[in-house]
Amino acid sequence: MKIAPPAPNEEERLALLHALDLLDTPPEPVFDLITRMTAEAIGVPMVLVSLIDQHRQWFKSRVGWEISETPREHAFCAHCILGGEILQVPDALQDERFFDSPLVTGAPGVRFYAGAPLRSTQGFALGSLCVLDSVPRELSARQLALLQHAAQLVNHEIARREATVLVRETSEFSLEAGRDSEARFRAVFEGAAMGIALVAPDGRLVEANQALARIVGHSTDALAGMYLQDLSTPADRPAELALRHELAAGLRSLYSLETRYLAQHGATAWVNLTVAARHGNDGKVRYFIAIVENIDERKQAQAALQALQQTLEQQVEQRTHELRRAHEQLQTITDQLPAMIGYFDEGLRYRFANDAYRAALGKAPREVIGLTLAETFGPDKAADIARHAERAGRERKRVSFEIPLTYPDGSLHYGEVTLIPDITENRLAGFHSIVHDITERRLREQASELEARRDPLTDLPNRRAVRERLPEAMALTDRHGGVLDVFFLDLDGFKEVNDTLGHECGDLLLQEVARRLAALLPQADLIARLSGDEFVAIVHDDAAHAQAEIIAQRILAGIAEPIPLRGQAVRVRASVGVSLYRAGTGTSATNVLRMADMMMYEAKRAGKNQYRVHSEDS
């Protein structure tokens, strides 16, 4: 089929589309009412509110249409948004732009299309309201007028949301004009325990909440008009200003730093300052949002500990003979600290270790003395430490790095290592080593990363996880041989459950389906929820169609079992598409998933509660 070129002002159009928060959102009655009314008024089986994203078209509302999105190159609407009037295609098989489109030659078998562009108040075509049929036809003048009127209703709703976005970005960086639509934000702004401020591009505070006023000891009225950098002590201002310049230039998405704020009567208070920027379509900063957390008490405690650690480092850095003379006292001090304190000579052999080594290695400090790094940590980890030690000795300055540590109980920890070269009489004598346990911080970072790949409703991996894991599974299949089965599952009858029992029951049903899939496929490499009622499973096996079909039958039978919801047994079915990837085939992960999707729609077209299998050699 003929691929439509990008729309005029494509970058600005996409920026506005994403700012409106319409993509990948649940169905909404305001749009669904329009599509149902359009279907009844014009007498067509399929009506869509289609939004054209960078690489796909996504359907905000749909009648008579099962899939939630298609590639942009398949979209009739990608052509529709290029014109100013309704695009009508009486017979797609006779149109050179669409005759070989998968939407025409495959499911859902589109033959007729008419779409009215959906435009923002700035004139950007964001998508279309379109009507479709599986038989050739042509709309009358009255029907075209009805379609145009319905599109205007959608445009009105888009304009309302666009206005909300604009209010946030204008009015001299104040939320005053948007108080009604921003009531929830206002409640958070005023009631937050942390300080919040809206900041103009030049750093001027436009508005601050009561929490920030309490931190700095000024009224909110007094804060308005002050500059964000003026809240910091003079010594801390350059660092904060440098980060804000990087943020304004688009070099970072936000920044956080610990800094000291000036309070009343010359006092200072430590705060954690986090600043994000809101950019306009022209790339310029509209305003900053600053979040200020009072960490003064925590910093005081850290300062006391840091002072102790600095004293310790000064002691540890003494010459070897001084270390031996003070060994007993030093051992007593260091044994009380939650860090691994050690010293090894230029031959990388330990001469000192504190009691923290006992938990990390399962050995008393005296058992570590005399061991090399390789004997202590193993050859691989020792080589990594030695590499950093070589640099510290060559540059004659301390170096820091991180290493993983497996404790004797099997638990994985992460250590932040600081090596300090011991230079005696202009000669490298050894290295002072301090290892802080940063496991808790690393686990928080890993949990945050995992959360980005997790569906919050079902606790299954999400679409992003599928896009990352499927190529890995295919590469593993290429290395070890065999077959990779990719199952694409869509529930039959889920919409009826939502419509009759409500979305809460619909959520419970999706959670039960997720549990059943996990129980049905314990051997699966991955079970994920893509979106809505669509699930994907990836399974390695050494067979071909037969094994995949057995698994597909097991899925169908397991899903078909009654599900108790609100005191009644609810039944849903499933349509399953299977794509088989054989080692060395060379096809892309996108194509494998797309074929599984297409097989699922073939199963739906064949009557639902079925499966269809695609193989590269079938």
# chains A, B, ... in the order shown; residues from 1 in each chain; ligands from 1
call {"tool": "residues_around", "arguments": {"residues": "Ile196 in chain A", "least_positions_apart": "4", "cutoff": "7 Å", "atoms": "only C-alpha atoms", "output": "list in words"}}
result
Phe189, Ala208, Asn209, Leu212, Ala290, Ile291 and Val292 of chain A
call {"tool": "residues_around", "arguments": {"residues": "range 250-257 of chain A", "least_positions_apart": "5", "cutoff": "7 Å", "atoms": "only C-alpha atoms", "output": "list in words"}}
result
Leu243, Asn272, Leu273, Thr274, Val275, Ala276 and Ala277 of chain A
call {"tool": "residues_around", "arguments": {"residues": "Glu40 in chain A", "least_positions_apart": "4", "cutoff": "12 Å", "atoms": "only C-alpha atoms", "output": "PyMOL selection string"}}
result
chain A and resi 33-36+44-47+63-64+131+143+146-147+150
call {"tool": "closest_residue", "arguments": {"among": "A:Ser575, A:Gln152, A:Gln568, A:Asn354", "to": "Val368 in chain A", "atoms": "only C-alpha atoms"}}
result
A:Asn354
call {"tool": "atom_distance", "arguments": {"atom1": "CA of Gly481 in chain A", "atom2": "CA of Val576 in chain A"}}
result
24.7 Å
call {"tool": "select_by_dssp", "arguments": {"residues": "range 410-540 of chain A", "states": "strand (DSSP E or B)", "output": "PyMOL selection string"}}
result
chain A and resi 412-424+427-437+454+461+483-492+526-531+534-540
call {"tool": "atom_distance", "arguments": {"atom1": "CA of Gln523 in chain A", "atom2": "CA of Asp492 in chain A"}}
result
24.9 Å
call {"tool": "closest_residue", "arguments": {"among": "A:Leu87, A:Pro102, A:Glu468, A:Thr220", "to": "His74 in chain A", "atoms": "only C-alpha atoms"}}
result
A:Pro102
call {"tool": "residues_around", "arguments": {"residues": "Pro201 in chain A", "least_positions_apart": "3", "cutoff": "9 Å", "atoms": "only C-alpha atoms", "output": "list in words"}}
result
Arg204, Ala248, Ala277, Lys284, Val285, Arg286, Tyr287 and Phe288 of chain A
call {"tool": "closest_residue", "arguments": {"among": "A:Leu517, A:Leu14, A:Leu526, A:Ala92", "to": "Val110 in chain A", "atoms": "only C-alpha atoms"}}
result
A:Ala92
call {"tool": "select_by_dssp", "arguments": {"residues": "range 193-354 of chain A", "states": "helix (DSSP H, G or I)", "output": "mmCIF file with N, CA, C and O atoms, in the first residue's frame"}}
result
data_model
loop_
_atom_site.group_PDB
_atom_site.id
_atom_site.type_symbol
_atom_site.label_atom_id
_atom_site.label_comp_id
_atom_site.auth_asym_id
_atom_site.auth_seq_id
_atom_site.Cartn_x
_atom_site.Cartn_y
_atom_site.Cartn_z
ATOM 1 N N GLN A 210 2.622 26.873 51.675
ATOM 2 C CA GLN A 210 2.890 27.151 53.079
ATOM 3 C C GLN A 210 4.065 26.345 53.606
ATOM 4 O O GLN A 210 4.826 26.814 54.463
ATOM 5 N N ALA A 211 4.251 25.092 53.086
ATOM 6 C CA ALA A 211 5.352 24.266 53.575
ATOM 7 C C ALA A 211 6.687 24.918 53.269
ATOM 8 O O ALA A 211 7.609 24.916 54.098
ATOM 9 N N LEU A 212 6.839 25.487 52.076
ATOM 10 C CA LEU A 212 8.086 26.169 51.737
ATOM 11 C C LEU A 212 8.269 27.416 52.612
ATOM 12 O O LEU A 212 9.388 27.719 53.043
ATOM 13 N N ALA A 213 7.173 28.128 52.872
ATOM 14 C CA ALA A 213 7.255 29.308 53.729
ATOM 15 C C ALA A 213 7.770 28.934 55.120
ATOM 16 O O ALA A 213 8.574 29.653 55.715
ATOM 17 N N ARG A 214 7.331 27.774 55.635
ATOM 18 C CA ARG A 214 7.780 27.348 56.958
ATOM 19 C C ARG A 214 9.267 26.989 56.951
ATOM 20 O O ARG A 214 9.985 27.252 57.921
ATOM 21 N N ILE A 215 9.736 26.390 55.873
ATOM 22 C CA ILE A 215 11.138 25.979 55.804
ATOM 23 C C ILE A 215 12.059 27.192 55.862
ATOM 24 O O ILE A 215 13.073 27.193 56.574
ATOM 25 N N VAL A 216 11.726 28.250 55.120
ATOM 26 C CA VAL A 216 12.620 29.409 55.033
ATOM 27 C C VAL A 216 12.238 30.532 55.987
ATOM 28 O O VAL A 216 12.954 31.530 56.089
ATOM 29 N N THR A 220 4.257 33.367 52.387
ATOM 30 C CA THR A 220 4.117 33.060 50.954
ATOM 31 C C THR A 220 4.095 34.332 50.127
ATOM 32 O O THR A 220 4.596 34.358 48.999
ATOM 33 N N ASP A 221 3.538 35.406 50.691
ATOM 34 C CA ASP A 221 3.531 36.683 49.955
ATOM 35 C C ASP A 221 4.951 37.219 49.791
ATOM 36 O O ASP A 221 5.314 37.773 48.743
ATOM 37 N N ALA A 222 5.752 37.065 50.830
ATOM 38 C CA ALA A 222 7.125 37.554 50.750
ATOM 39 C C ALA A 222 7.951 36.738 49.770
ATOM 40 O O ALA A 222 8.848 37.256 49.098
ATOM 41 N N LEU A 223 7.638 35.450 49.673
ATOM 42 C CA LEU A 223 8.396 34.593 48.750
ATOM 43 C C LEU A 223 8.098 34.949 47.303
ATOM 44 O O LEU A 223 8.984 34.852 46.438
ATOM 45 N N LEU A 228 14.666 31.896 43.087
ATOM 46 C CA LEU A 228 14.940 30.586 43.653
ATOM 47 C C LEU A 228 16.373 30.485 44.153
ATOM 48 O O LEU A 228 16.619 29.959 45.244
ATOM 49 N N GLN A 229 17.325 31.007 43.374
ATOM 50 C CA GLN A 229 18.718 30.895 43.777
ATOM 51 C C GLN A 229 19.023 31.694 45.040
ATOM 52 O O GLN A 229 19.966 31.376 45.779
ATOM 53 N N ASP A 230 18.212 32.753 45.308
ATOM 54 C CA ASP A 230 18.455 33.574 46.488
ATOM 55 C C ASP A 230 18.079 32.860 47.775
ATOM 56 O O ASP A 230 18.459 33.303 48.870
ATOM 57 N N LEU A 231 17.322 31.761 47.678
ATOM 58 C CA LEU A 231 16.995 30.985 48.873
ATOM 59 C C LEU A 231 18.204 30.221 49.374
ATOM 60 O O LEU A 231 18.310 29.902 50.550
ATOM 61 N N ARG A 237 24.846 28.644 45.610
ATOM 62 C CA ARG A 237 24.088 29.137 44.458
ATOM 63 C C ARG A 237 24.674 28.728 43.113
ATOM 64 O O ARG A 237 23.931 28.338 42.201
ATOM 65 N N PRO A 238 25.984 28.799 42.907
ATOM 66 C CA PRO A 238 26.520 28.456 41.579
ATOM 67 C C PRO A 238 26.163 27.036 41.121
ATOM 68 O O PRO A 238 25.828 26.832 39.957
ATOM 69 N N ALA A 239 26.212 26.064 42.037
ATOM 70 C CA ALA A 239 25.907 24.684 41.648
ATOM 71 C C ALA A 239 24.454 24.549 41.225
ATOM 72 O O ALA A 239 24.139 23.896 40.221
ATOM 73 N N GLU A 240 23.562 25.180 41.967
ATOM 74 C CA GLU A 240 22.137 25.082 41.623
ATOM 75 C C GLU A 240 21.846 25.788 40.307
ATOM 76 O O GLU A 240 21.104 25.288 39.467
ATOM 77 N N LEU A 241 22.450 26.949 40.094
ATOM 78 C CA LEU A 241 22.234 27.691 38.852
ATOM 79 C C LEU A 241 22.766 26.920 37.651
ATOM 80 O O LEU A 241 22.143 26.892 36.584
ATOM 81 N N ALA A 242 23.907 26.263 37.808
ATOM 82 C CA ALA A 242 24.479 25.485 36.702
ATOM 83 C C ALA A 242 23.549 24.346 36.309
ATOM 84 O O ALA A 242 23.318 24.088 35.118
ATOM 85 N N LEU A 243 22.984 23.659 37.299
ATOM 86 C CA LEU A 243 22.046 22.570 37.004
ATOM 87 C C LEU A 243 20.787 23.103 36.344
ATOM 88 O O LEU A 243 20.238 22.479 35.423
ATOM 89 N N ARG A 244 20.308 24.272 36.776
ATOM 90 C CA ARG A 244 19.082 24.823 36.181
ATOM 91 C C ARG A 244 19.330 25.250 34.735
ATOM 92 O O ARG A 244 18.452 25.120 33.882
ATOM 93 N N HIS A 245 20.519 25.735 34.441
ATOM 94 C CA HIS A 245 20.842 26.080 33.053
ATOM 95 C C HIS A 245 20.852 24.833 32.176
ATOM 96 O O HIS A 245 20.380 24.860 31.034
ATOM 97 N N GLU A 246 21.384 23.723 32.692
ATOM 98 C CA GLU A 246 21.365 22.463 31.943
ATOM 99 C C GLU A 246 19.932 21.986 31.730
ATOM 100 O O GLU A 246 19.588 21.486 30.648
ATOM 101 N N LEU A 247 19.098 22.145 32.748
ATOM 102 C CA LEU A 247 17.692 21.759 32.633
ATOM 103 C C LEU A 247 16.989 22.601 31.579
ATOM 104 O O LEU A 247 16.252 22.083 30.733
ATOM 105 N N ALA A 248 17.213 23.895 31.597
ATOM 106 C CA ALA A 248 16.576 24.791 30.629
ATOM 107 C C ALA A 248 17.039 24.498 29.210
ATOM 108 O O ALA A 248 16.276 24.637 28.250
ATOM 109 N N GLN A 264 15.437 32.561 58.663
ATOM 110 C CA GLN A 264 15.444 33.838 59.378
ATOM 111 C C GLN A 264 16.601 33.909 60.366
ATOM 112 O O GLN A 264 17.109 32.890 60.843
ATOM 113 N N HIS A 265 17.029 35.142 60.675
ATOM 114 C CA HIS A 265 18.047 35.424 61.685
ATOM 115 C C HIS A 265 19.383 34.765 61.339
ATOM 116 O O HIS A 265 20.147 34.382 62.239
ATOM 117 N N GLY A 266 19.671 34.593 60.058
ATOM 118 C CA GLY A 266 20.977 34.085 59.646
ATOM 119 C C GLY A 266 21.147 32.585 59.743
ATOM 120 O O GLY A 266 22.223 32.064 59.452
ATOM 121 N N ASP A 296 17.274 18.765 57.233
ATOM 122 C CA ASP A 296 18.281 19.331 58.134
ATOM 123 C C ASP A 296 18.664 18.348 59.233
ATOM 124 O O ASP A 296 19.855 18.146 59.514
ATOM 125 N N GLU A 297 17.664 17.693 59.838
ATOM 126 C CA GLU A 297 17.968 16.756 60.922
ATOM 127 C C GLU A 297 18.777 15.576 60.389
ATOM 128 O O GLU A 297 19.726 15.111 61.034
ATOM 129 N N ARG A 298 18.412 15.089 59.223
ATOM 130 C CA ARG A 298 19.136 13.963 58.640
ATOM 131 C C ARG A 298 20.574 14.351 58.318
ATOM 132 O O ARG A 298 21.509 13.589 58.546
ATOM 133 N N LYS A 299 20.765 15.573 57.804
ATOM 134 C CA LYS A 299 22.106 16.019 57.471
ATOM 135 C C LYS A 299 22.971 16.185 58.717
ATOM 136 O O LYS A 299 24.173 15.918 58.679
ATOM 137 N N GLN A 300 22.350 16.628 59.816
ATOM 138 C CA GLN A 300 23.121 16.758 61.041
ATOM 139 C C GLN A 300 23.634 15.396 61.511
ATOM 140 O O GLN A 300 24.783 15.261 61.928
ATOM 141 N N ALA A 301 22.741 14.393 61.380
ATOM 142 C CA ALA A 301 23.172 13.040 61.759
ATOM 143 C C ALA A 301 24.254 12.528 60.816
ATOM 144 O O ALA A 301 25.231 11.903 61.232
ATOM 145 N N GLN A 302 24.096 12.804 59.520
ATOM 146 C CA GLN A 302 25.103 12.387 58.545
ATOM 147 C C GLN A 302 26.425 13.090 58.795
ATOM 148 O O GLN A 302 27.497 12.493 58.637
ATOM 149 N N ALA A 303 26.345 14.370 59.156
ATOM 150 C CA ALA A 303 27.576 15.129 59.398
ATOM 151 C C ALA A 303 28.354 14.536 60.569
ATOM 152 O O ALA A 303 29.590 14.444 60.518
ATOM 153 N N ALA A 304 27.611 14.130 61.610
ATOM 154 C CA ALA A 304 28.292 13.529 62.753
ATOM 155 C C ALA A 304 28.978 12.228 62.354
ATOM 156 O O ALA A 304 30.125 11.965 62.731
ATOM 157 N N LEU A 305 28.268 11.414 61.549
ATOM 158 C CA LEU A 305 28.855 10.161 61.095
ATOM 159 C C LEU A 305 30.024 10.420 60.153
ATOM 160 O O LEU A 305 31.061 9.750 60.224
ATOM 161 N N GLN A 306 29.867 11.400 59.251
ATOM 162 C CA GLN A 306 30.931 11.718 58.305
ATOM 163 C C GLN A 306 32.179 12.209 59.036
ATOM 164 O O GLN A 306 33.303 11.876 58.659
ATOM 165 N N ALA A 307 31.955 12.989 60.081
ATOM 166 C CA ALA A 307 33.103 13.472 60.857
ATOM 167 C C ALA A 307 33.858 12.298 61.469
ATOM 168 O O ALA A 307 35.093 12.259 61.475
ATOM 169 N N LEU A 308 33.076 11.303 61.939
ATOM 170 C CA LEU A 308 33.705 10.117 62.500
ATOM 171 C C LEU A 308 34.465 9.349 61.430
ATOM 172 O O LEU A 308 35.588 8.890 61.626
ATOM 173 N N GLN A 309 33.843 9.228 60.242
ATOM 174 C CA GLN A 309 34.492 8.502 59.157
ATOM 175 C C GLN A 309 35.742 9.227 58.661
ATOM 176 O O GLN A 309 36.752 8.592 58.331
ATOM 177 N N GLN A 310 35.689 10.563 58.602
ATOM 178 C CA GLN A 310 36.858 11.314 58.170
ATOM 179 C C GLN A 310 38.003 11.152 59.158
ATOM 180 O O GLN A 310 39.168 11.022 58.774
ATOM 181 N N THR A 311 37.638 11.146 60.434
ATOM 182 C CA THR A 311 38.662 10.914 61.451
ATOM 183 C C THR A 311 39.289 9.541 61.269
ATOM 184 O O THR A 311 40.514 9.371 61.360
ATOM 185 N N LEU A 312 38.412 8.571 60.951
ATOM 186 C CA LEU A 312 38.888 7.213 60.729
ATOM 187 C C LEU A 312 39.831 7.149 59.529
ATOM 188 O O LEU A 312 40.893 6.529 59.581
ATOM 189 N N GLU A 313 39.430 7.807 58.413
ATOM 190 C CA GLU A 313 40.267 7.778 57.218
ATOM 191 C C GLU A 313 41.635 8.386 57.497
ATOM 192 O O GLU A 313 42.652 7.893 56.995
ATOM 193 N N GLN A 314 41.664 9.454 58.278
ATOM 194 C CA GLN A 314 42.940 10.065 58.619
ATOM 195 C C GLN A 314 43.809 9.092 59.412
ATOM 196 O O GLN A 314 45.026 9.016 59.223
ATOM 197 N N GLN A 315 43.145 8.320 60.279
ATOM 198 C CA GLN A 315 43.886 7.331 61.055
ATOM 199 C C GLN A 315 44.375 6.189 60.161
ATOM 200 O O GLN A 315 45.509 5.723 60.288
ATOM 201 N N VAL A 316 43.464 5.756 59.251
ATOM 202 C CA VAL A 316 43.819 4.637 58.390
ATOM 203 C C VAL A 316 44.963 4.984 57.452
ATOM 204 O O VAL A 316 45.765 4.127 57.081
ATOM 205 N N THR A 320 52.384 2.492 57.755
ATOM 206 C CA THR A 320 52.172 1.122 58.207
ATOM 207 C C THR A 320 52.676 0.916 59.633
ATOM 208 O O THR A 320 51.993 0.281 60.458
ATOM 209 N N HIS A 321 53.855 1.435 59.975
ATOM 210 C CA HIS A 321 54.378 1.218 61.335
ATOM 211 C C HIS A 321 53.526 1.924 62.367
ATOM 212 O O HIS A 321 53.360 1.428 63.490
ATOM 213 N N GLU A 322 52.922 3.100 62.014
ATOM 214 C CA GLU A 322 52.014 3.786 62.927
ATOM 215 C C GLU A 322 50.735 2.982 63.089
ATOM 216 O O GLU A 322 50.163 2.914 64.180
ATOM 217 N N LEU A 323 50.275 2.367 61.987
ATOM 218 C CA LEU A 323 49.089 1.522 62.031
ATOM 219 C C LEU A 323 49.290 0.347 62.978
ATOM 220 O O LEU A 323 48.409 0.008 63.770
ATOM 221 N N ARG A 324 50.542 -0.262 62.929
ATOM 222 C CA ARG A 324 50.790 -1.416 63.789
ATOM 223 C C ARG A 324 50.843 -1.016 65.267
ATOM 224 O O ARG A 324 50.347 -1.736 66.127
ATOM 225 N N ARG A 325 51.430 0.142 65.537
ATOM 226 C CA ARG A 325 51.510 0.591 66.929
ATOM 227 C C ARG A 325 50.132 0.875 67.503
ATOM 228 O O ARG A 325 49.879 0.638 68.680
ATOM 229 N N HIS A 327 47.342 -0.525 66.396
ATOM 230 C CA HIS A 327 46.459 -1.550 65.844
ATOM 231 C C HIS A 327 45.282 -1.870 66.759
ATOM 232 O O HIS A 327 44.132 -1.935 66.324
ATOM 233 N N GLU A 328 45.569 -2.080 68.041
ATOM 234 C CA GLU A 328 44.493 -2.495 68.949
ATOM 235 C C GLU A 328 43.429 -1.419 69.070
ATOM 236 O O GLU A 328 42.216 -1.707 68.997
ATOM 237 N N GLN A 329 43.873 -0.166 69.217
ATOM 238 C CA GLN A 329 42.907 0.932 69.331
ATOM 239 C C GLN A 329 42.124 1.104 68.018
ATOM 240 O O GLN A 329 40.905 1.278 68.024
ATOM 241 N N LEU A 330 42.840 1.044 66.889
ATOM 242 C CA LEU A 330 42.187 1.204 65.596
ATOM 243 C C LEU A 330 41.188 0.093 65.339
ATOM 244 O O LEU A 330 40.095 0.328 64.821
ATOM 245 N N GLN A 331 41.579 -1.138 65.718
ATOM 246 C CA GLN A 331 40.676 -2.262 65.511
ATOM 247 C C GLN A 331 39.384 -2.052 66.286
ATOM 248 O O GLN A 331 38.281 -2.298 65.783
ATOM 249 N N THR A 332 39.503 -1.568 67.516
ATOM 250 C CA THR A 332 38.320 -1.341 68.344
ATOM 251 C C THR A 332 37.410 -0.296 67.729
ATOM 252 O O THR A 332 36.185 -0.461 67.692
ATOM 253 N N ILE A 333 38.010 0.774 67.214
ATOM 254 C CA ILE A 333 37.211 1.844 66.617
ATOM 255 C C ILE A 333 36.521 1.363 65.342
ATOM 256 O O ILE A 333 35.317 1.525 65.163
ATOM 257 N N THR A 334 37.323 0.778 64.449
ATOM 258 C CA THR A 334 36.774 0.401 63.138
ATOM 259 C C THR A 334 35.763 -0.729 63.231
ATOM 260 O O THR A 334 34.860 -0.827 62.392
#
call {"tool": "atom_distance", "arguments": {"atom1": "CA of Glu496 in chain A", "atom2": "CA of Val466 in chain A"}}
result
27.6 Å
call {"tool": "residues_around", "arguments": {"residues": "range 408-417 of chain A", "least_positions_apart": "5", "cutoff": "6 Å", "atoms": "only C-alpha atoms", "output": "number ranges by chain"}}
result
A: 362, 400-403, 434-439
